[in-house]
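my_file.txt, holding compact mmCIF, C-alpha atoms and all ligand atoms:
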```txt
# COMPACT_ATOMS: atom_id res chain seq x y z
CA THR T 1 11.58 0.77 1.94
CA GLN T 2 10.40 4.02 3.52
CA CYS T 3 7.92 2.17 5.78
CA LYS T 4 10.75 0.10 7.25
CA LEU T 5 12.67 3.31 8.00
CA LEU T 6 9.56 4.86 9.58
CA GLU T 7 9.20 1.80 11.75
CA GLU T 8 12.77 2.13 13.03
CA GLU T 9 12.78 5.90 13.50
CA PHE T 10 9.31 6.52 14.96
CA GLY T 11 8.31 3.18 16.46
CA LEU T 12 5.40 2.77 14.07
CA VAL T 13 4.29 -0.77 13.28
CA HIS T 14 4.51 -1.46 9.54
CA LEU T 15 1.80 -3.53 7.90
CA SER T 16 2.01 -4.17 4.16
CA ALA T 17 -1.25 -5.13 2.48
CA GLY T 18 0.65 -6.68 -0.45
CA GLU T 19 2.92 -8.69 1.86
CA LEU T 20 -0.04 -9.98 3.88
CA LEU T 21 -1.75 -11.05 0.66
CA ARG T 22 1.40 -12.80 -0.62
CA ASN T 23 1.77 -14.64 2.70
CA GLU T 24 -1.88 -15.62 2.73
CA ARG T 25 -1.61 -16.93 -0.84
CA SER T 26 1.38 -19.09 0.11
CA SER T 27 -0.16 -20.35 3.35
CA GLY T 28 -2.49 -22.88 1.71
CA SER T 29 -5.54 -20.74 2.58
CA ALA T 30 -8.85 -21.28 0.77
CA ASP T 31 -8.44 -17.81 -0.81
CA GLY T 32 -4.93 -18.63 -2.10
CA GLU T 33 -5.78 -19.23 -5.75
CA LEU T 34 -8.09 -16.26 -5.95
CA ILE T 35 -5.40 -13.99 -4.46
CA GLU T 36 -2.76 -15.28 -6.89
CA SER T 37 -4.99 -14.52 -9.88
CA TYR T 38 -5.43 -10.89 -8.71
CA LEU T 39 -1.70 -10.48 -8.01
CA CYS T 40 -0.69 -11.74 -11.47
CA GLU T 41 -3.17 -9.42 -13.15
CA GLY T 42 -2.15 -6.43 -11.01
CA LYS T 43 -5.76 -6.15 -9.86
CA ILE T 44 -7.04 -5.16 -6.43
CA VAL T 45 -8.25 -8.05 -4.29
CA PRO T 46 -11.77 -7.64 -2.79
CA VAL T 47 -11.53 -5.60 0.40
CA LYS T 48 -13.09 -8.26 2.58
CA ILE T 49 -9.93 -10.32 2.11
CA SER T 50 -7.22 -7.62 2.28
CA LEU T 51 -8.78 -5.71 5.15
CA GLY T 52 -9.57 -8.94 6.96
CA LEU T 53 -5.83 -9.69 6.96
CA LEU T 54 -4.90 -6.17 8.08
CA LYS T 55 -7.48 -6.16 10.87
CA ARG T 56 -6.34 -9.57 12.07
CA GLU T 57 -2.83 -8.12 12.55
CA MET T 58 -4.10 -4.91 14.16
CA LYS T 59 -6.16 -6.89 16.67
CA LYS T 60 -2.99 -8.51 17.99
CA HIS T 61 -1.92 -5.36 19.77
CA SER T 62 -2.75 -1.70 20.04
CA ALA T 63 -0.20 0.49 18.24
CA THR T 64 0.28 3.34 15.81
CA TYR T 65 0.50 1.70 12.43
CA ILE T 66 1.92 2.64 9.07
CA ILE T 67 -0.27 0.77 6.61
CA ASP T 68 1.45 0.29 3.26
CA GLY T 69 -0.49 -0.17 0.04
CA PHE T 70 -3.98 0.48 1.36
CA PRO T 71 -6.46 1.82 0.27
CA ARG T 72 -5.82 1.13 -3.42
CA ASN T 73 -9.33 1.76 -4.82
CA GLN T 74 -12.86 2.84 -3.92
CA ASP T 75 -13.76 -0.68 -2.74
CA ASN T 76 -10.81 -0.56 -0.27
CA LEU T 77 -11.91 2.87 0.95
CA ASP T 78 -15.57 1.87 1.35
CA GLY T 79 -14.52 -1.29 3.19
CA TRP T 80 -12.35 0.72 5.55
CA HIS T 81 -15.29 2.95 6.45
CA GLN T 82 -17.58 -0.01 7.01
CA LEU T 83 -15.24 -2.27 8.94
CA MET T 84 -12.86 0.12 10.71
CA HIS T 85 -14.86 3.20 11.71
CA SER T 86 -15.09 2.31 15.39
CA PHE T 87 -11.74 0.47 15.45
CA ALA T 88 -9.05 2.83 14.13
CA THR T 89 -8.60 6.48 13.20
CA VAL T 90 -6.53 7.78 10.30
CA ASP T 91 -4.20 10.74 10.89
CA ALA T 92 -2.38 11.04 7.60
CA VAL T 93 -1.82 9.53 4.18
CA LEU T 94 1.58 9.48 2.49
CA TYR T 95 1.55 9.47 -1.29
CA PHE T 96 4.91 8.84 -2.94
CA ASP T 97 4.85 10.46 -6.36
CA ILE T 98 7.15 9.12 -9.07
CA PRO T 99 7.10 9.04 -12.89
CA THR T 100 5.84 5.77 -14.38
CA GLU T 101 9.10 4.94 -16.18
CA ILE T 102 11.17 5.22 -12.99
CA MET T 103 8.59 3.15 -11.08
CA ILE T 104 8.80 0.39 -13.69
CA ASP T 105 12.63 0.49 -13.61
CA ARG T 106 12.58 0.08 -9.82
CA MET T 107 10.14 -2.84 -10.00
CA LEU T 108 12.31 -4.59 -12.59
CA THR T 109 15.48 -4.05 -10.54
CA ARG T 110 13.70 -5.39 -7.46
CA GLY T 111 12.51 -8.35 -9.56
CA GLU T 112 16.11 -9.51 -9.94
CA THR T 113 16.06 -10.58 -6.28
CA SER T 114 12.49 -10.32 -4.92
CA GLY T 115 11.16 -13.58 -6.29
CA ARG T 116 7.82 -11.78 -6.76
CA SER T 117 5.65 -13.12 -9.58
CA ASP T 118 4.49 -9.54 -10.34
CA ASP T 119 7.92 -7.83 -10.60
CA ASN T 120 8.19 -8.35 -14.37
CA ILE T 121 7.45 -6.00 -17.24
CA ALA T 122 4.03 -7.46 -18.13
CA ALA T 123 2.67 -7.39 -14.57
CA ALA T 124 4.33 -4.03 -13.82
CA LYS T 125 2.44 -2.41 -16.72
CA LYS T 126 -0.83 -3.89 -15.46
CA ARG T 127 -0.14 -2.58 -11.96
CA ILE T 128 0.59 0.92 -13.29
CA HIS T 129 -2.66 0.79 -15.26
CA THR T 130 -4.59 -0.20 -12.11
CA PHE T 131 -2.86 2.57 -10.18
CA LYS T 132 -3.88 5.26 -12.69
CA GLU T 133 -7.40 3.96 -13.08
CA SER T 134 -8.28 3.02 -9.50
CA THR T 135 -5.81 4.46 -6.98
CA LEU T 136 -5.18 8.02 -8.21
CA PRO T 137 -8.91 8.91 -8.13
CA ILE T 138 -9.24 8.15 -4.41
CA LEU T 139 -6.54 10.71 -3.55
CA ASP T 140 -9.26 13.34 -4.05
CA TYR T 141 -11.08 11.92 -1.06
CA PHE T 142 -8.07 12.50 1.21
CA GLN T 143 -7.30 15.87 -0.39
CA SER T 144 -10.69 17.18 0.65
CA HIS T 145 -10.93 15.43 4.04
CA PRO T 146 -10.69 18.02 6.89
CA ASP T 147 -9.12 15.67 9.48
CA ILE T 148 -6.71 13.63 7.37
CA LYS T 149 -3.42 15.14 6.24
CA LEU T 150 -2.46 14.10 2.72
CA CYS T 151 1.33 14.37 2.27
CA THR T 152 2.56 14.15 -1.29
CA ILE T 153 6.24 13.21 -1.25
CA SER T 154 8.48 13.13 -4.30
CA GLY T 155 9.96 9.64 -4.71
CA LEU T 156 12.77 10.91 -6.95
CA GLY T 157 16.41 10.34 -6.07
CA SER T 158 18.11 8.00 -3.64
CA ILE T 159 16.54 6.15 -0.71
CA GLU T 160 18.16 8.75 1.55
CA ASP T 161 16.78 11.68 -0.48
CA VAL T 162 13.26 10.23 -0.16
CA TRP T 163 13.81 9.46 3.52
CA ASN T 164 14.74 13.09 4.27
CA ARG T 165 11.47 14.23 2.69
CA THR T 166 9.49 11.51 4.47
CA LYS T 167 10.90 12.46 7.89
CA THR T 168 10.04 16.10 7.27
CA ALA T 169 6.49 15.15 6.26
CA ILE T 170 5.99 13.08 9.41
O1 LIG T 201 1.79 -3.02 -2.58
P1 LIG T 201 2.29 -4.19 -3.35
O2 LIG T 201 3.07 -3.81 -4.56
O3 LIG T 201 3.02 -5.16 -2.48
O4 LIG T 201 1.00 -4.94 -3.89
C1 LIG T 201 1.14 -6.07 -4.71
C2 LIG T 201 -0.22 -6.54 -5.20
O5 LIG T 201 -1.05 -6.91 -4.09
C3 LIG T 201 -1.04 -5.49 -5.95
O6 LIG T 201 -0.63 -5.36 -7.30
C4 LIG T 201 -2.43 -6.10 -5.84
O7 LIG T 201 -2.64 -7.18 -6.71
C5 LIG T 201 -2.41 -6.65 -4.40
N1 LIG T 201 -2.97 -5.67 -3.44
C6 LIG T 201 -4.35 -5.60 -3.32
N2 LIG T 201 -4.93 -4.70 -2.46
C7 LIG T 201 -4.16 -3.89 -1.72
C8 LIG T 201 -2.75 -3.95 -1.81
C9 LIG T 201 -2.18 -4.86 -2.70
O8 LIG T 201 -5.07 -6.31 -4.01
N3 LIG T 201 -4.76 -3.00 -0.89
MG MG T 202 4.64 -2.97 -1.23
```
As structure tokens, the full file:
Amino acid sequence: TQCKLLEEEFGLVHLSAGELLRNERSSGSADGELIESYLCEGKIVPVKISLGLLKREMKKHSATYIIDGFPRNQDNLDGWHQLMHSFATVDAVLYFDIPTEIMIDRMLTRGETSGRSDDNIAAAKKRIHTFKESTLPILDYFQSHPDIKLCTISGLGSIEDVWNRTKTAI
């Protein structure tokens, strides 16, 4: 939601790792079944696949991107360093901080219309588990990086409340 607003307000190009994976899964690609099994389990797809999809989009034109949902674990971060070091630079990372219960509520509400196979209570719990185990630890890397600004933004309140904080952070 916030990435879409950033795209409109600042002319950034929004790329969603999750969306690219869902599209790839549905496209009849050879990796389709493998991707679906990771999505259902709330697990992080091997970086070769996710970053391959992101890089394919980024090669289409030069722009300032807002990349949504990446990196999600150490494998994503290592892959970025290996495959992207001479291709793109990172200015900032936005981390939207929200209590687990509210996150789950939002996923379930979205599930009423999203048609996503992972917006249900069982998959949501798995995704939260993966987040705590694999995503939170890599925030330390950005916290201590001298050239990358880590912005922690409270995700509490309305879309507009969060948007006001996001604009200020940018
Ligand atoms: O970000 P989003 O909620 O759209 O991600 C949905 C799913 O896509 C994740 O739970 C995970 O299975 C997969 N994903 C991934 N690697 C990423 C981003 C998303 O494997 N970097
Ligand atoms: Mg997403």
Do a neighbour search on T:Phe10 at 12 Å with all atoms listed in the file, toss out local chain neighbours closer than 2 positions, and write the hits as a PDB file with C-alpha atoms, in the frame of the given file.
```pdb
ATOM      1  CA  GLN T   2      10.400   4.020   3.520  1.00  0.00           C
ATOM      2  CA  CYS T   3       7.920   2.170   5.780  1.00  0.00           C
ATOM      3  CA  LYS T   4      10.750   0.100   7.250  1.00  0.00           C
ATOM      4  CA  LEU T   5      12.670   3.310   8.000  1.00  0.00           C
ATOM      5  CA  LEU T   6       9.560   4.860   9.580  1.00  0.00           C
ATOM      6  CA  GLU T   7       9.200   1.800  11.750  1.00  0.00           C
ATOM      7  CA  GLU T   8      12.770   2.130  13.030  1.00  0.00           C
ATOM      8  CA  LEU T  12       5.400   2.770  14.070  1.00  0.00           C
ATOM      9  CA  VAL T  13       4.290  -0.770  13.280  1.00  0.00           C
ATOM     10  CA  HIS T  14       4.510  -1.460   9.540  1.00  0.00           C
ATOM     11  CA  ALA T  63      -0.200   0.490  18.240  1.00  0.00           C
ATOM     12  CA  THR T  64       0.280   3.340  15.810  1.00  0.00           C
ATOM     13  CA  TYR T  65       0.500   1.700  12.430  1.00  0.00           C
ATOM     14  CA  ILE T  66       1.920   2.640   9.070  1.00  0.00           C
ATOM     15  CA  THR T 166       9.490  11.510   4.470  1.00  0.00           C
ATOM     16  CA  LYS T 167      10.900  12.460   7.890  1.00  0.00           C
ATOM     17  CA  ILE T 170       5.990  13.080   9.410  1.00  0.00           C
TER      18      ILE T 170
END
```
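Neighbouring residues of ligand MG 202 (chain T) at a cut-off of 8 Å, counting only C-alpha atoms and all ligand atoms, are T:Ser16, T:Ala17, T:Gly18, T:Glu19, T:Asp68, T:Gly69.
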Report, as lines of an AutoDock Vina configuration file, the centre and edge lengths in Å (one decimal) of the axis-aligned box enclosing every listed atom of ligand LIG 201 (chain T), padded by 6 Å on each side.
```
center_x = -1.0
center_y = -5.1
center_z = -4.1
size_x = 20.1
size_y = 16.2
size_z = 18.4
```
Taking only residues of chain T that have an atom at most 10 Å from an atom of ligand LIG 201 (chain T), what is each one's shortest atom pair and its distance in Å to one decimal, using only C-alpha atoms and all ligand atoms, in chain and number order, as CSV?
```
residue,atom,partner,partner_atom,distance
T:Ser16,CA,T:LIG201,O3,6.8
T:Ala17,CA,T:LIG201,C8,4.7
T:Gly18,CA,T:LIG201,O3,3.5
T:Glu19,CA,T:LIG201,O3,5.6
T:Leu20,CA,T:LIG201,O3,8.5
T:Leu21,CA,T:LIG201,O5,6.3
T:Arg22,CA,T:LIG201,O5,7.3
T:Ile35,CA,T:LIG201,O7,7.7
T:Glu36,CA,T:LIG201,O7,8.1
T:Ser37,CA,T:LIG201,O7,8.3
T:Tyr38,CA,T:LIG201,O7,5.1
T:Leu39,CA,T:LIG201,O7,3.7
T:Cys40,CA,T:LIG201,O7,6.9
T:Glu41,CA,T:LIG201,O7,6.8
T:Gly42,CA,T:LIG201,O6,4.1
T:Lys43,CA,T:LIG201,O7,4.6
T:Ile44,CA,T:LIG201,O8,3.3
T:Val45,CA,T:LIG201,O8,3.6
T:Pro46,CA,T:LIG201,O8,6.9
T:Val47,CA,T:LIG201,N2,7.2
T:Ile49,CA,T:LIG201,O8,8.8
T:Ser50,CA,T:LIG201,N2,6.0
T:Leu51,CA,T:LIG201,N3,7.7
T:Leu54,CA,T:LIG201,N3,9.5
T:Ile67,CA,T:LIG201,N3,9.5
T:Asp68,CA,T:LIG201,O1,6.7
T:Gly69,CA,T:LIG201,O1,4.5
T:Phe70,CA,T:LIG201,N3,4.2
T:Pro71,CA,T:LIG201,N3,5.2
T:Arg72,CA,T:LIG201,N3,5.0
T:Asn73,CA,T:LIG201,N3,7.7
T:Asp75,CA,T:LIG201,N3,9.5
T:Asn76,CA,T:LIG201,N3,6.6
T:Leu77,CA,T:LIG201,N3,9.4
T:Met107,CA,T:LIG201,O2,9.0
T:Arg116,CA,T:LIG201,C1,9.0
T:Ser117,CA,T:LIG201,C1,9.7
T:Asp118,CA,T:LIG201,O6,7.3
T:Asp119,CA,T:LIG201,O2,8.7
T:Ala123,CA,T:LIG201,O6,8.2
T:Ala124,CA,T:LIG201,O6,8.3
T:Lys126,CA,T:LIG201,O6,8.3
T:Arg127,CA,T:LIG201,O6,5.4
T:Ile128,CA,T:LIG201,O6,8.8
T:Thr130,CA,T:LIG201,O6,8.1
T:Phe131,CA,T:LIG201,O6,8.7
T:Thr135,CA,T:LIG201,N3,9.7
```
- Message: Neighbouring residues of stretch 93-98 of chain T were defined as those with any atom within 6 Å, considering all atoms listed in the file; residues of the same chain fewer than 6 positions away were excluded. Please report them as a list in words.
- Response: Leu150, Cys151, Thr152, Ile153, Ser154 and Gly155 of chain T
- Item | Gap from atom CA of T:Arg165 to atom CA of T:Pro99 - Å, one decimal |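 We find that atom CA of T:Arg165 and atom CA of T:Pro99 lie 17.0 Å from each other.
In this model, the gap between atom CA of T:Asn23 and atom CA of T:Ser158 comes to 28.6 Å.
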- Point-to-point distance from atom CA of T:Asn120 to atom CA of T:Leu108, Å rounded to tenths: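 Distance reported for this atom pair: 5.9 Å.
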- Item | From T:Ile104, T:Ala92, T:Arg56, T:Asp78, residue lying nearest T:His145 [all atoms listed in the file] |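 Smallest separation from T:His145 among the options: T:Ala92.
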- T:Asp105 proximity check over T:Ala169, T:Val90, T:Leu34, T:Ile121, using only C-alpha atoms: winner is T:Ile121
- Distance criterion (only C-alpha atoms): nearest to T:Met58 out of T:Met103, T:Val162, T:Leu136, T:Ala88: T:Ala88
- Message: When you count only C-alpha atoms, which of these residues is closest to T:Ser29: T:Ser144, T:Glu101, T:Leu53, T:Thr1?
- Response: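 That would be T:Leu53, the residue with the smallest distance to T:Ser29.
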